[in-house]
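Novice: This one is target-v2.txt, compact mmCIF, C-alpha atoms.
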# COMPACT_ATOMS: atom_id res chain seq x y z
CA MET U 17 181.59 81.14 69.16
CA PRO U 18 178.47 83.06 68.06
CA ASP U 19 177.23 85.71 70.44
CA MET U 20 173.88 84.07 71.02
CA SER U 21 175.32 81.06 72.79
CA LYS U 22 177.75 83.27 74.67
CA ASP U 23 174.80 85.25 75.99
CA LYS U 24 173.11 82.04 76.99
CA LEU U 25 176.20 80.75 78.70
CA LEU U 26 176.59 84.00 80.60
CA THR U 27 172.94 84.08 81.61
CA LEU U 28 173.10 80.52 82.81
CA TYR U 29 176.31 81.08 84.73
CA ILE U 30 174.96 84.21 86.40
CA LYS U 31 171.68 82.59 87.37
CA GLU U 32 173.38 79.52 88.77
CA ASN U 33 175.88 81.46 90.83
CA GLN U 34 173.82 84.43 91.97
CA GLU U 35 173.89 83.34 95.61
CA SER U 36 177.67 83.18 95.62
CA PHE U 37 177.84 86.64 94.09
CA TYR U 38 175.54 87.96 96.74
CA ARG U 39 177.57 86.45 99.57
CA VAL U 40 180.78 87.90 98.21
CA ALA U 41 179.22 91.36 97.88
CA TYR U 42 177.59 91.11 101.27
CA SER U 43 180.90 90.17 102.88
CA TYR U 44 182.35 93.45 101.74
CA VAL U 45 179.51 95.84 102.44
CA LYS U 46 177.51 94.18 105.24
CA ASN U 47 174.26 95.55 103.96
CA SER U 48 171.70 93.58 102.06
CA ASP U 49 170.37 96.35 99.82
CA THR U 50 173.83 97.58 98.91
CA ALA U 51 174.96 94.03 98.17
CA LEU U 52 171.95 93.56 95.86
CA ASP U 53 172.78 96.79 94.05
CA LEU U 54 176.38 95.73 93.62
CA VAL U 55 175.41 92.33 92.25
CA GLN U 56 173.08 94.01 89.82
CA ASP U 57 175.69 96.55 88.75
CA ALA U 58 178.26 93.81 88.28
CA ILE U 59 175.89 91.80 86.08
CA VAL U 60 175.03 94.81 83.95
CA LYS U 61 178.67 95.72 83.58
CA ALA U 62 179.67 92.16 82.77
CA LEU U 63 176.99 91.92 80.10
CA GLN U 64 177.94 95.28 78.65
CA LYS U 65 181.54 94.18 78.44
CA ARG U 66 180.88 90.60 77.40
CA SER U 67 182.94 91.08 74.26
CA THR U 68 186.03 91.31 76.49
CA LEU U 69 185.54 87.72 77.57
CA LYS U 70 187.68 86.07 74.93
CA ASN U 71 188.07 82.64 76.41
CA GLU U 72 185.05 81.16 78.09
CA ASP U 73 187.21 78.95 80.28
CA TYR U 74 187.95 82.11 82.23
CA LEU U 75 184.31 83.01 82.71
CA ARG U 76 184.46 82.55 86.46
CA THR U 77 187.60 84.58 87.14
CA TRP U 78 186.43 87.20 84.64
CA PHE U 79 183.09 87.63 86.37
CA TYR U 80 184.52 87.67 89.87
CA ARG U 81 186.98 90.32 88.81
CA ILE U 82 184.12 92.57 87.73
CA LEU U 83 182.11 91.82 90.85
CA ILE U 84 184.99 92.45 93.23
CA ASN U 85 185.93 95.64 91.42
CA GLU U 86 182.39 96.87 91.95
CA CYS U 87 182.63 96.07 95.65
CA LEU U 88 186.01 97.71 96.11
CA MET U 89 184.86 100.75 94.19
CA TYR U 90 181.90 101.04 96.47
CA LEU U 91 184.07 100.79 99.55
CA ARG U 92 186.41 103.48 98.26
CA LYS U 93 183.49 105.73 97.58
CA ASN U 94 182.15 105.23 101.07
CA LYS U 95 185.27 105.73 103.07
CA LYS U 96 183.47 105.87 106.38
CA ILE U 97 184.54 102.31 107.03
CA VAL U 98 187.70 102.11 109.10
CA TYR U 99 189.97 99.13 108.75
CA LEU U 100 192.07 98.00 111.60
CA ASN U 101 195.62 97.03 110.97
CA ASP U 102 195.93 95.82 114.45
CA LEU U 103 193.54 93.01 115.05
CA GLU U 104 194.56 92.26 118.61
CA GLU U 105 191.23 93.24 120.05
CA TYR U 106 189.31 91.17 117.54
CA VAL U 107 191.32 88.03 117.82
CA PRO U 108 191.13 86.38 121.19
CA ASN U 109 194.25 85.61 123.15
CA ASP U 110 195.67 82.19 122.74
CA ASP U 111 195.18 81.55 126.46
CA ASN U 112 191.42 81.58 126.09
CA CYS U 113 191.38 78.98 123.40
CA THR U 114 191.73 75.33 123.90
CA ASP U 115 194.15 73.71 121.49
CA ASN U 116 194.89 77.11 120.03
CA GLN U 117 191.52 77.12 118.32
CA TYR U 118 189.58 80.32 118.03
CA ASP U 119 185.95 80.48 118.48
CA ILE U 120 184.64 80.30 114.93
CA GLN U 121 182.47 83.34 115.34
CA GLU U 122 185.37 85.44 116.55
CA LEU U 123 187.61 84.30 113.76
CA TYR U 124 184.86 85.04 111.28
CA ASN U 125 184.49 88.52 112.74
CA ALA U 126 188.22 89.01 112.44
CA ILE U 127 188.10 88.11 108.75
CA GLU U 128 185.41 90.71 108.26
CA GLN U 129 187.71 93.31 109.76
CA LEU U 130 190.53 92.65 107.32
CA GLU U 131 191.31 95.37 104.86
CA PRO U 132 189.61 94.70 101.50
CA ASN U 133 192.67 93.46 99.61
CA LEU U 134 193.42 90.85 102.22
CA LYS U 135 189.78 89.96 102.72
CA THR U 136 189.46 89.30 98.99
CA ILE U 137 192.15 86.64 99.17
CA ILE U 138 190.57 84.90 102.16
CA LEU U 139 187.10 85.05 100.62
CA LEU U 140 188.15 83.60 97.33
CA ARG U 141 190.52 81.00 98.73
CA PHE U 142 188.44 79.58 101.56
CA PHE U 143 184.87 80.47 100.80
CA GLU U 144 184.82 80.34 97.02
CA ASP U 145 187.45 77.60 96.77
CA MET U 146 189.60 79.28 94.20
CA LYS U 147 193.15 78.31 93.45
CA LEU U 148 195.85 80.88 94.05
CA ASP U 149 196.52 81.35 90.34
CA GLU U 150 192.81 81.96 89.77
CA ILE U 151 192.84 84.52 92.54
CA ALA U 152 195.74 86.23 90.82
CA LYS U 153 193.57 86.53 87.69
CA VAL U 154 190.60 87.86 89.62
CA THR U 155 192.64 90.47 91.45
CA ASN U 156 194.74 91.30 88.42
CA THR U 157 197.97 90.69 90.32
CA ASN U 158 200.64 88.04 90.12
CA LEU U 159 200.93 84.82 92.06
CA ASN U 160 203.60 86.18 94.41
CA THR U 161 201.43 89.09 95.44
CA VAL U 162 198.55 86.73 96.15
CA LYS U 163 200.80 84.54 98.26
CA SER U 164 202.25 87.39 100.25
CA ARG U 165 198.76 88.80 100.90
CA LEU U 166 197.56 85.40 101.97
CA TYR U 167 200.44 85.04 104.44
CA LYS U 168 199.87 88.51 105.74
CA ALA U 169 196.17 87.82 106.27
CA LEU U 170 196.80 84.48 107.96
CA ASN U 171 199.39 86.14 110.13
CA LEU U 172 196.96 88.83 111.20
CA LEU U 173 194.39 86.19 111.94
CA LYS U 174 197.02 84.25 113.88
CA LEU U 175 196.47 81.17 111.80
CA LYS U 176 199.17 78.72 110.85
CA VAL U 177 200.17 79.17 107.23
CA GLU U 178 200.72 75.47 106.64
CA ASP U 179 197.14 74.67 107.66
CA TYR U 180 195.57 77.15 105.33
CA GLN U 181 197.65 77.45 102.22
CA MET T 4 187.86 74.46 111.22
CA LYS T 5 188.11 75.63 107.63
CA ASN T 6 184.85 73.84 107.00
CA GLU T 7 183.18 75.45 109.95
CA LEU T 8 184.22 78.85 108.72
CA LYS T 9 182.85 78.06 105.30
CA LYS T 10 179.57 76.96 106.86
CA LYS T 11 179.36 80.26 108.63
CA TYR T 12 179.91 82.05 105.34
CA ASP T 13 177.38 79.90 103.51
CA SER T 14 174.79 80.77 106.12
CA ILE T 15 174.72 84.41 104.98
CA GLU T 16 171.06 84.84 104.35
CA ILE T 17 169.99 85.26 100.72
CA PRO T 18 167.32 87.93 100.26
CA LYS T 19 164.11 86.77 98.60
CA ASN T 20 164.34 89.32 95.82
CA LEU T 21 167.86 88.36 94.72
CA SER T 22 166.63 86.40 91.72
CA ASN T 23 164.33 89.27 90.73
CA VAL T 24 167.22 91.68 90.85
CA VAL T 25 169.41 89.31 88.84
CA ASP T 26 166.71 88.63 86.24
CA GLU T 27 166.07 92.32 85.95
CA ALA T 28 169.73 93.06 85.24
CA ILE T 29 170.01 90.30 82.66
CA PHE T 30 166.77 91.21 80.98
CA LYS T 31 167.57 94.87 80.81
CA GLU T 32 171.04 94.39 79.42
CA LEU T 33 170.40 91.62 76.91
CA GLU T 34 167.04 92.80 75.62
CA LYS T 35 167.13 96.53 75.81
CA PRO T 36 166.65 98.32 72.51
CA LYS T 37 169.81 99.68 70.92
CA LYS T 38 170.05 103.43 70.96
CA HIS T 39 171.84 105.88 68.73
CA TRP T 40 173.31 109.14 69.83
CA ASN T 41 173.92 112.14 67.67
CA ILE T 42 175.30 114.61 70.08
CA PRO T 43 177.29 117.77 69.54
CA LYS T 44 180.68 117.81 71.15
CA SER T 45 180.73 121.10 72.97
CA ILE T 46 179.75 120.47 76.55
CA ALA T 47 179.77 124.14 77.44
CA SER T 48 177.22 125.09 74.86
CA ILE T 49 174.97 122.25 75.90
CA ALA T 50 175.14 123.31 79.49
CA ALA T 51 174.21 126.81 78.45
CA VAL T 52 171.22 125.60 76.50
CA PHE T 53 170.21 123.55 79.46
CA CYS T 54 170.19 126.57 81.78
CA ILE T 55 168.16 128.59 79.34
CA VAL T 56 165.58 125.84 79.10
CA PHE T 57 165.38 125.71 82.83
CA ILE T 58 164.60 129.36 83.17
CA THR T 59 162.38 129.62 80.15
CA MET T 60 160.17 126.82 81.29
CA LEU T 61 159.32 128.71 84.40
CA ASN T 62 158.18 131.68 82.41
CA THR T 63 156.48 131.15 79.13
CA ASN T 64 156.58 128.86 76.15
CA LYS T 65 155.08 131.15 73.52
CA VAL T 66 158.31 131.94 71.72
CA PHE T 67 159.27 128.32 71.49
CA ALA T 68 155.80 127.25 70.56
CA THR T 69 155.59 129.39 67.49
CA THR T 70 158.91 128.14 66.15
CA MET T 71 158.20 124.48 66.67
CA GLN T 72 157.89 122.18 63.72
CA ASP T 73 156.00 118.95 63.52
CA VAL T 74 153.21 120.03 65.76
CA PRO T 75 150.31 117.60 65.89
CA VAL T 76 147.00 119.36 66.27
CA PHE T 77 144.13 117.67 68.03
CA GLY T 78 140.56 118.65 67.49
CA LYS T 79 140.37 122.35 67.04
CA LEU T 80 142.97 123.52 69.44
CA CYS T 81 144.66 121.05 71.70
CA ARG T 82 148.19 120.08 70.77
CA ILE T 83 151.25 118.41 72.18
CA PHE T 84 154.59 119.52 70.87
CA THR T 85 158.28 119.20 71.59
CA PHE T 86 158.84 122.23 73.72
CA GLN T 87 162.57 121.69 73.83
CA GLU T 88 165.03 119.03 72.86
CA TYR T 89 168.51 118.87 74.29
CA ASN T 90 171.46 116.64 74.97
CA ILE T 91 173.98 116.75 77.75
CA GLU T 92 177.09 114.74 77.17
CA ASP T 93 180.43 114.50 78.89
CA LYS T 94 182.74 111.75 80.02
CA THR T 95 180.35 110.63 82.77
CA LYS T 96 176.97 110.76 81.06
CA LYS T 97 174.90 110.93 77.92
CA ILE T 98 171.55 112.51 78.58
CA LYS T 99 168.99 112.98 75.87
CA VAL T 100 165.75 114.81 76.56
CA ARG T 101 162.66 115.59 74.54
CA LEU T 102 160.39 117.69 76.67
CA PRO T 103 156.73 117.83 75.65
CA HIS T 104 154.25 120.59 76.31
CA ILE T 105 150.52 120.40 76.04
CA GLU T 106 148.46 123.35 74.98
CA ASN T 107 144.79 124.29 74.66
CA VAL T 108 143.18 121.38 76.43
CA GLY T 109 140.25 123.64 77.25
CA ASN T 110 141.21 124.01 80.87
CA THR T 111 144.07 126.36 81.64
CA ASP T 112 144.62 125.17 85.18
CA LEU T 113 144.84 121.56 84.15
CA GLU T 114 147.20 122.44 81.34
CA LYS T 115 149.47 124.39 83.66
CA ARG T 116 149.43 121.63 86.21
CA ILE T 117 150.35 118.95 83.69
CA ASN T 118 153.10 120.99 82.06
CA LEU T 119 154.56 121.91 85.41
CA GLU T 120 154.41 118.33 86.57
CA ILE T 121 156.18 117.06 83.45
CA SER T 122 158.88 119.73 83.79
CA LYS T 123 159.37 118.84 87.42
CA ILE T 124 159.63 115.14 86.72
CA ILE T 125 162.15 115.67 83.95
CA ASN T 126 164.27 118.19 85.86
CA GLU T 127 164.43 115.90 88.83
CA GLU T 128 165.33 112.88 86.71
CA VAL T 129 168.10 114.79 84.96
CA LYS T 130 169.45 116.19 88.21
CA GLN T 131 169.53 112.79 89.88
CA ALA T 132 171.14 111.20 86.85
CA GLU T 133 173.89 113.81 86.80
CA ILE T 134 174.68 113.26 90.47
CA ARG T 135 174.71 109.50 90.03
CA ALA T 136 176.94 109.70 86.97
CA GLU T 137 179.43 111.96 88.75
CA GLU T 138 179.68 109.69 91.79
CA TYR T 139 179.99 106.62 89.69
CA TYR T 140 182.73 108.11 87.59
CA ASP T 141 184.72 109.35 90.61
CA ALA T 142 184.55 105.94 92.21
CA PHE T 143 185.63 104.26 89.00
CA ILE T 144 188.69 106.49 88.58
CA SER T 145 189.71 106.50 92.24
CA THR T 146 189.83 102.73 92.26
CA GLY T 147 192.24 102.66 89.36
CA GLY T 148 189.79 102.48 86.46
CA LYS T 149 191.01 103.96 83.20
CA GLU T 150 189.15 106.94 81.88
CA GLU T 151 188.73 105.38 78.43
CA ASP T 152 187.14 102.26 79.92
CA PHE T 153 184.38 104.15 81.65
CA MET T 154 180.91 103.55 80.26
CA PRO T 155 178.93 106.79 80.55
CA ILE T 156 175.54 106.48 82.17
CA GLU T 157 172.84 106.93 79.52
CA ILE T 158 169.50 108.59 80.12
CA ASP T 159 166.81 108.94 77.54
CA ILE T 160 163.75 111.00 78.35
CA ASP T 161 161.09 111.12 75.70
CA TYR T 162 157.37 111.28 75.16
CA GLU T 163 154.95 109.47 72.95
CA ILE T 164 151.49 110.44 71.83
CA LYS T 165 149.45 107.28 72.01
CA TYR T 166 146.10 108.55 70.85
CA SER T 167 144.36 111.72 69.88
CA ASN T 168 141.07 112.81 68.47
CA LYS T 169 138.65 115.61 69.16
CA LYS T 170 137.50 114.02 72.38
CA TYR T 171 140.55 112.45 73.94
CA VAL T 172 144.29 112.74 74.06
CA SER T 173 146.52 110.09 75.60
CA PHE T 174 150.29 110.39 75.92
CA LEU T 175 153.18 109.30 78.08
CA VAL T 176 156.51 110.57 79.25
CA SER T 177 159.18 107.91 79.68
CA LYS T 178 162.63 107.70 81.16
CA PHE T 179 165.09 105.01 80.23
CA GLU T 180 168.36 104.62 82.07
CA THR T 181 171.09 102.15 81.24
CA LEU T 182 172.90 101.98 84.55
CA ALA T 183 171.64 99.30 86.89
CA SER T 184 169.39 99.97 89.85
CA ALA T 185 167.19 102.26 87.81
CA TYR T 186 164.49 101.15 85.46
CA GLN T 187 162.36 102.41 82.71
CA GLU T 188 159.73 104.70 84.16
CA GLN T 189 156.57 105.89 82.48
CA TYR T 190 154.10 108.59 83.34
CA PHE T 191 150.73 108.43 81.57
CA TYR T 192 148.35 111.27 80.85
CA ASN T 193 144.81 110.84 79.54
CA ILE T 194 142.69 113.90 79.03
CA ASP T 195 139.02 114.26 78.18
CA LEU T 196 139.02 117.35 76.01
CA GLU T 197 135.28 117.91 76.17
CA SER T 198 135.21 118.22 79.92
CA GLY T 199 138.79 119.48 80.21
CA LYS T 200 139.61 116.84 82.79
CA VAL T 201 142.04 114.03 83.30
CA PHE T 202 140.00 110.88 82.88
CA THR T 203 140.35 107.69 84.85
CA LEU T 204 139.24 104.10 84.53
CA LYS T 205 136.35 104.93 86.82
CA ASP T 206 135.14 107.66 84.49
CA TRP T 207 134.96 105.15 81.69
CA PHE T 208 133.74 101.95 83.35
CA GLY T 209 131.62 103.47 86.12
CA SER T 210 131.55 102.63 89.79
CA ASP T 211 132.12 98.90 89.19
CA TYR T 212 135.33 99.65 87.31
CA LYS T 213 137.53 97.66 89.70
CA GLN T 214 135.64 94.42 89.13
CA ILE T 215 135.17 94.96 85.40
CA VAL T 216 138.79 95.76 84.68
CA THR T 217 140.15 93.02 86.97
CA GLU T 218 137.96 90.42 85.32
CA ARG T 219 139.16 91.40 81.86
CA ILE T 220 142.79 91.24 82.93
CA LYS T 221 142.32 87.85 84.56
CA ASP T 222 140.60 86.52 81.45
CA GLN T 223 143.67 87.39 79.43
CA ILE T 224 146.10 85.93 81.94
CA SER T 225 144.14 82.67 81.89
CA THR T 226 145.01 82.24 78.22
CA TRP T 227 148.76 82.51 78.87
CA ASP T 228 150.95 79.46 78.74
CA ASP T 229 152.77 78.25 81.83
CA ASP T 230 156.07 79.85 80.83
CA ASN T 231 154.49 83.28 81.07
CA LYS T 232 152.41 82.55 84.13
CA PHE T 233 155.56 81.44 85.87
CA TYR T 234 156.64 85.06 86.34
CA LEU T 235 153.43 86.24 88.01
CA PHE T 236 153.54 86.93 91.72
CA GLU T 237 151.10 84.66 93.49
CA ASP T 238 150.27 86.89 96.41
CA ILE T 239 149.07 89.90 94.42
CA GLU T 240 145.40 90.81 94.15
CA ILE T 241 145.03 92.61 90.85
CA GLU T 242 141.82 94.22 91.98
CA ASP T 243 143.70 96.12 94.69
CA LEU T 244 145.87 97.69 92.00
CA ILE T 245 142.96 98.93 89.90
CA THR T 246 142.43 102.43 91.24
CA THR T 247 141.71 105.81 89.73
CA ASP T 248 145.49 106.33 89.63
CA ARG T 249 146.11 103.20 87.57
CA SER T 250 148.40 103.81 84.58
CA PHE T 251 146.71 103.30 81.25
CA TYR T 252 146.60 104.75 77.76
CA ILE T 253 144.47 104.60 74.65
CA ASN T 254 146.03 102.82 71.70
CA LYS T 255 145.57 103.38 67.98
CA ASP T 256 142.77 100.82 67.88
CA ASN T 257 140.72 102.83 70.39
CA GLN T 258 141.49 100.33 73.13
CA ILE T 259 142.02 101.30 76.72
CA VAL T 260 145.26 99.59 77.74
CA VAL T 261 146.08 99.10 81.42
CA VAL T 262 149.80 99.11 82.24
CA PHE T 263 151.66 97.44 85.08
CA ASN T 264 155.23 98.42 85.81
CA LYS T 265 157.97 95.91 86.35
CA TYR T 266 157.65 94.13 89.68
CA GLU T 267 154.06 95.22 90.14
CA ILE T 268 152.39 91.92 89.38
CA ALA T 269 155.24 89.80 88.05
CA ALA T 270 158.98 89.26 88.28
CA GLY T 271 161.11 91.89 86.61
CA ALA T 272 161.99 89.56 83.78
CA ALA T 273 158.42 89.78 82.54
CA GLY T 274 158.95 93.49 81.92
CA ILE T 275 156.14 96.01 81.67
CA LEU T 276 152.78 94.26 81.22
CA GLU T 277 149.90 95.69 79.23
CA PHE T 278 146.28 94.56 79.02
CA PRO T 279 143.60 95.98 76.71
CA VAL T 280 140.45 96.16 78.82
CA GLY T 281 137.90 97.91 76.65
CA GLU T 282 137.24 100.19 73.72
CA ILE T 283 136.33 103.81 73.65
CA SER T 284 133.76 104.93 71.17
Just give me the structure of the file as structure tokens.

Specialist:
Amino acid sequence: MPDMSKDKLLTLYIKENQESFYRVAYSYVKNSDTALDLVQDAIVKALQKRSTLKNEDYLRTWFYRILINECLMYLRKNKKIVYLNDLEEYVPNDDNCTDNQYDIQELYNAIEQLEPNLKTIILLRFFEDMKLDEIAKVTNTNLNTVKSRLYKALNLLKLKVEDYQ
Amino acid sequence: MKNELKKKYDSIEIPKNLSNVVDEAIFKELEKPKKHWNIPKSIASIAAVFCIVFITMLNTNKVFATTMQDVPVFGKLCRIFTFQEYNIEDKTKKIKVRLPHIENVGNTDLEKRINLEISKIINEEVKQAEIRAEEYYDAFISTGGKEEDFMPIEIDIDYEIKYSNKKYVSFLVSKFETLASAYQEQYFYNIDLESGKVFTLKDWFGSDYKQIVTERIKDQISTWDDDNKFYLFEDIEIEDLITTDRSFYINKDNQIVVVFNKYEIAAGAAGILEFPVGEIS
């Protein structure tokens, strides 16, 4: 395919999905200006490396991979953020919840506290509606790793695996 | 419950300038001019040259000045020349600088001030770029990026003489950076050689300069088609932006050209906007 139409395709895709990109970035960094910078950096990098996109069917996973790399790089660079392995204090006790349902806000907060690798899986699976094999492409891992991370995250969030797979 | 969570996520507020930022990135990357680098390999020697330039600039430029080639001469005396040209290149960055100096404008204080200002601007830009490049590279490697995949940050600092005759000289210093979140920046200098002063729009158009210049810009905008007008910000009063600090230059056709940076009056995708507003005689 000639480069011109590839550029157009990319431009169109980026413009149409910019809000999703922003939400993903924001979910990692929790700061509007930083999220904007990351989205911008991801776009520039994607366009610079557009020759590496061989098959346009993979445009979405290809772009998300770049975007998420940017976010994870940023988090590494700014190590101030502390991730909690133990989420007990963020996830309410079962006793307080009717029908074993968390308050949505609290569950949402708990997701935000997940370490980046686990958060990525939850973000892509539930918020960006990606299939597990697509997530494997985005995160450059294999399907088994994605599954085990998903189970681990669900476990930490005290959610039933069968409801959320 | 999954849906409720998703709703929560979808309610993350989208900043108003997101589309500007996105357009800016696309525009910059797909339409930036291609650049060519011819840079010597030895980093050490470049660093050494760089230090020497630093120190020399603070002292005197006479030695350099006499050895310079390609020196345009304006009027009897005034001239702008490449005081020093250098490249800094390593795995994190490619920096290319052409540093101009102005001489004999007929006002020593003004000359000193301008040369010092240009040196300061350039030094600061280079310093910031080096810090940014280093941080960016470290982050890239520490997150598992391969060294050979890293795209060095590219900085190009240059100047351009827009106009010169016995009466006036007009030139600009520009910085172009390829990494996102930094844009092309331009610093304009217009000097009236007869009075030995920097001249402004007010000096040329008189006390009504704001109205005159605004009207001429608006006249031109009114001839644009809707595709171009689309980018203009609606809540900007151009007249408020016409001040004695307004960026402008004189072009080869003797026209005074007012310049608006990206985002000043229009979305970033529109780029830098220029409007001829009058002729000098």

Novice: Can you pull out every residue within 9 Å of stretch 130-142 of chain T, counting only C-alpha atoms, but drop anything in the same chain fewer than 4 positions away, and send it as a compact mmCIF listing (two decimals) with C-alpha atoms, in the coordinates of the input?

Specialist:
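File around01.txt, as written:
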# COMPACT_ATOMS: atom_id res chain seq x y z
CA MET U 89 184.86 100.75 94.19
CA TYR U 90 181.90 101.04 96.47
CA LEU U 91 184.07 100.79 99.55
CA ARG U 92 186.41 103.48 98.26
CA LYS U 93 183.49 105.73 97.58
CA LYS T 94 182.74 111.75 80.02
CA THR T 95 180.35 110.63 82.77
CA LYS T 96 176.97 110.76 81.06
CA ILE T 98 171.55 112.51 78.58
CA ILE T 125 162.15 115.67 83.95
CA ASN T 126 164.27 118.19 85.86
CA THR T 146 189.83 102.73 92.26
CA GLY T 147 192.24 102.66 89.36
CA GLY T 148 189.79 102.48 86.46
CA GLU T 150 189.15 106.94 81.88
CA PHE T 153 184.38 104.15 81.65
CA MET T 154 180.91 103.55 80.26
CA PRO T 155 178.93 106.79 80.55
CA ILE T 156 175.54 106.48 82.17
CA GLU T 157 172.84 106.93 79.52
CA ILE T 158 169.50 108.59 80.12
CA GLU T 180 168.36 104.62 82.07

Novice: Select residues of chain U: the criterion is any atom within 10 Å of an atom of chain T, counting all atoms listed in the file; output as a short mmCIF file (atom, residue, chain, number, x, y, z; two decimals) with C-alpha atoms, in the frame of the given file.

Specialist:
data_model
loop_
_atom_site.label_atom_id
_atom_site.label_comp_id
_atom_site.auth_asym_id
_atom_site.auth_seq_id
_atom_site.Cartn_x
_atom_site.Cartn_y
_atom_site.Cartn_z
CA ASP U 23 174.80 85.25 75.99
CA LYS U 24 173.11 82.04 76.99
CA LEU U 26 176.59 84.00 80.60
CA THR U 27 172.94 84.08 81.61
CA ILE U 30 174.96 84.21 86.40
CA LYS U 31 171.68 82.59 87.37
CA GLN U 34 173.82 84.43 91.97
CA GLU U 35 173.89 83.34 95.61
CA SER U 36 177.67 83.18 95.62
CA TYR U 38 175.54 87.96 96.74
CA ARG U 39 177.57 86.45 99.57
CA VAL U 40 180.78 87.90 98.21
CA TYR U 42 177.59 91.11 101.27
CA SER U 43 180.90 90.17 102.88
CA SER U 48 171.70 93.58 102.06
CA ASP U 49 170.37 96.35 99.82
CA ALA U 51 174.96 94.03 98.17
CA LEU U 52 171.95 93.56 95.86
CA ASP U 53 172.78 96.79 94.05
CA LEU U 54 176.38 95.73 93.62
CA VAL U 55 175.41 92.33 92.25
CA GLN U 56 173.08 94.01 89.82
CA ASP U 57 175.69 96.55 88.75
CA ALA U 58 178.26 93.81 88.28
CA ILE U 59 175.89 91.80 86.08
CA VAL U 60 175.03 94.81 83.95
CA LYS U 61 178.67 95.72 83.58
CA ALA U 62 179.67 92.16 82.77
CA LEU U 63 176.99 91.92 80.10
CA GLN U 64 177.94 95.28 78.65
CA LYS U 65 181.54 94.18 78.44
CA ASN U 85 185.93 95.64 91.42
CA GLU U 86 182.39 96.87 91.95
CA LEU U 88 186.01 97.71 96.11
CA MET U 89 184.86 100.75 94.19
CA TYR U 90 181.90 101.04 96.47
CA LEU U 91 184.07 100.79 99.55
CA ARG U 92 186.41 103.48 98.26
CA LYS U 93 183.49 105.73 97.58
CA ASN U 94 182.15 105.23 101.07
CA GLN U 117 191.52 77.12 118.32
CA TYR U 118 189.58 80.32 118.03
CA ASP U 119 185.95 80.48 118.48
CA ILE U 120 184.64 80.30 114.93
CA GLN U 121 182.47 83.34 115.34
CA LEU U 123 187.61 84.30 113.76
CA TYR U 124 184.86 85.04 111.28
CA LEU U 139 187.10 85.05 100.62
CA PHE U 142 188.44 79.58 101.56
CA PHE U 143 184.87 80.47 100.80
CA GLU U 144 184.82 80.34 97.02
CA ASP U 145 187.45 77.60 96.77
CA ASP U 179 197.14 74.67 107.66
CA TYR U 180 195.57 77.15 105.33
#

Novice: So what do you get for atom CA of T:Glu240 versus atom CA of T:Ser210, distance-wise?

Specialist: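 Atom CA of T:Ser210 lies at a distance of 18.7 Å from atom CA of T:Glu240.
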
Novice: Given the choices U:Leu69, U:Lys174, U:Leu148, U:Glu32, which gets closest to U:Asn160 if the distance is worked out from only C-alpha atoms?

Specialist: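 Checking each candidate against U:Asn160, we get U:Leu148 as the closest.
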
Novice: Rounded to one decimal place, report the atom CA of T:Glu163-atom CA of T:Trp227 distance in Å.

Specialist: 28.3 Å

Novice: Quick one: axis-aligned box around all listed atoms of stretch 25-38 of chain U, 4 Å on every side, centre and edge lengths in Å to one decimal, written as lines of an AutoDock Vina configuration file.

Specialist:
center_x = 174.8
center_y = 83.7
center_z = 87.7
size_x = 14.2
size_y = 16.4
size_z = 26.0

Novice: Give me, as a compact mmCIF listing (two decimals) with C-alpha atoms, in the frame of the given file, all polymer residues having an atom no more than 9 Å from T:Ile259, counting only C-alpha atoms and skipping those fewer than 3 positions away in the same chain.

Specialist:
# COMPACT_ATOMS: atom_id res chain seq x y z
CA LEU T 204 139.24 104.10 84.53
CA PHE T 251 146.71 103.30 81.25
CA TYR T 252 146.60 104.75 77.76
CA ILE T 253 144.47 104.60 74.65
CA ASN T 254 146.03 102.82 71.70
CA ASP T 256 142.77 100.82 67.88
CA PHE T 278 146.28 94.56 79.02
CA PRO T 279 143.60 95.98 76.71
CA VAL T 280 140.45 96.16 78.82
CA GLY T 281 137.90 97.91 76.65
CA GLU T 282 137.24 100.19 73.72
CA ILE T 283 136.33 103.81 73.65

Novice: Please provide the set of residues having any atom within 8 Å of T:Tyr171, restricted to all atoms listed in the file, with same-chain residues fewer than 5 positions apart removed, written as a ChimeraX atom specification.

Specialist: /T:166,193-197

Novice: If I take atom CA of U:Val154 and atom CA of U:Phe79, how far is one from the other in Å, to one decimal?

Specialist: 8.2 Å

Novice: Counting all atoms listed in the file, what is within 10 Å of T:Lys99, bar same-chain residues fewer than 3 positions away, as a list in words?

Specialist: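 So the residues in contact are Trp40, Asn41, Ile42, Glu88, Tyr89, Asn90, Ile91, Glu92, Lys96, Leu102, Val129, Glu157, Ile158, Asp159, Ile160, Asp161, Lys178 and Phe179 of chain T.
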
Novice: I'd like the neighbourhood of T:Phe191 as a ChimeraX atom specification, where a residue qualifies if any of its atoms comes within 12 Å (using all atoms listed in the file), though same-chain residues fewer than 5 positions away should be ignored.

Specialist: /T:117,120-121,162-166,172-178,201-203,248-253,260-264

Novice: Using only C-alpha atoms, pick whichever of U:Leu172, U:Ile127, U:Leu25, U:Ile84 has the shortest atom-to-atom distance to U:Thr155.

Specialist: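 That would be U:Ile84, the residue with the smallest distance to U:Thr155.
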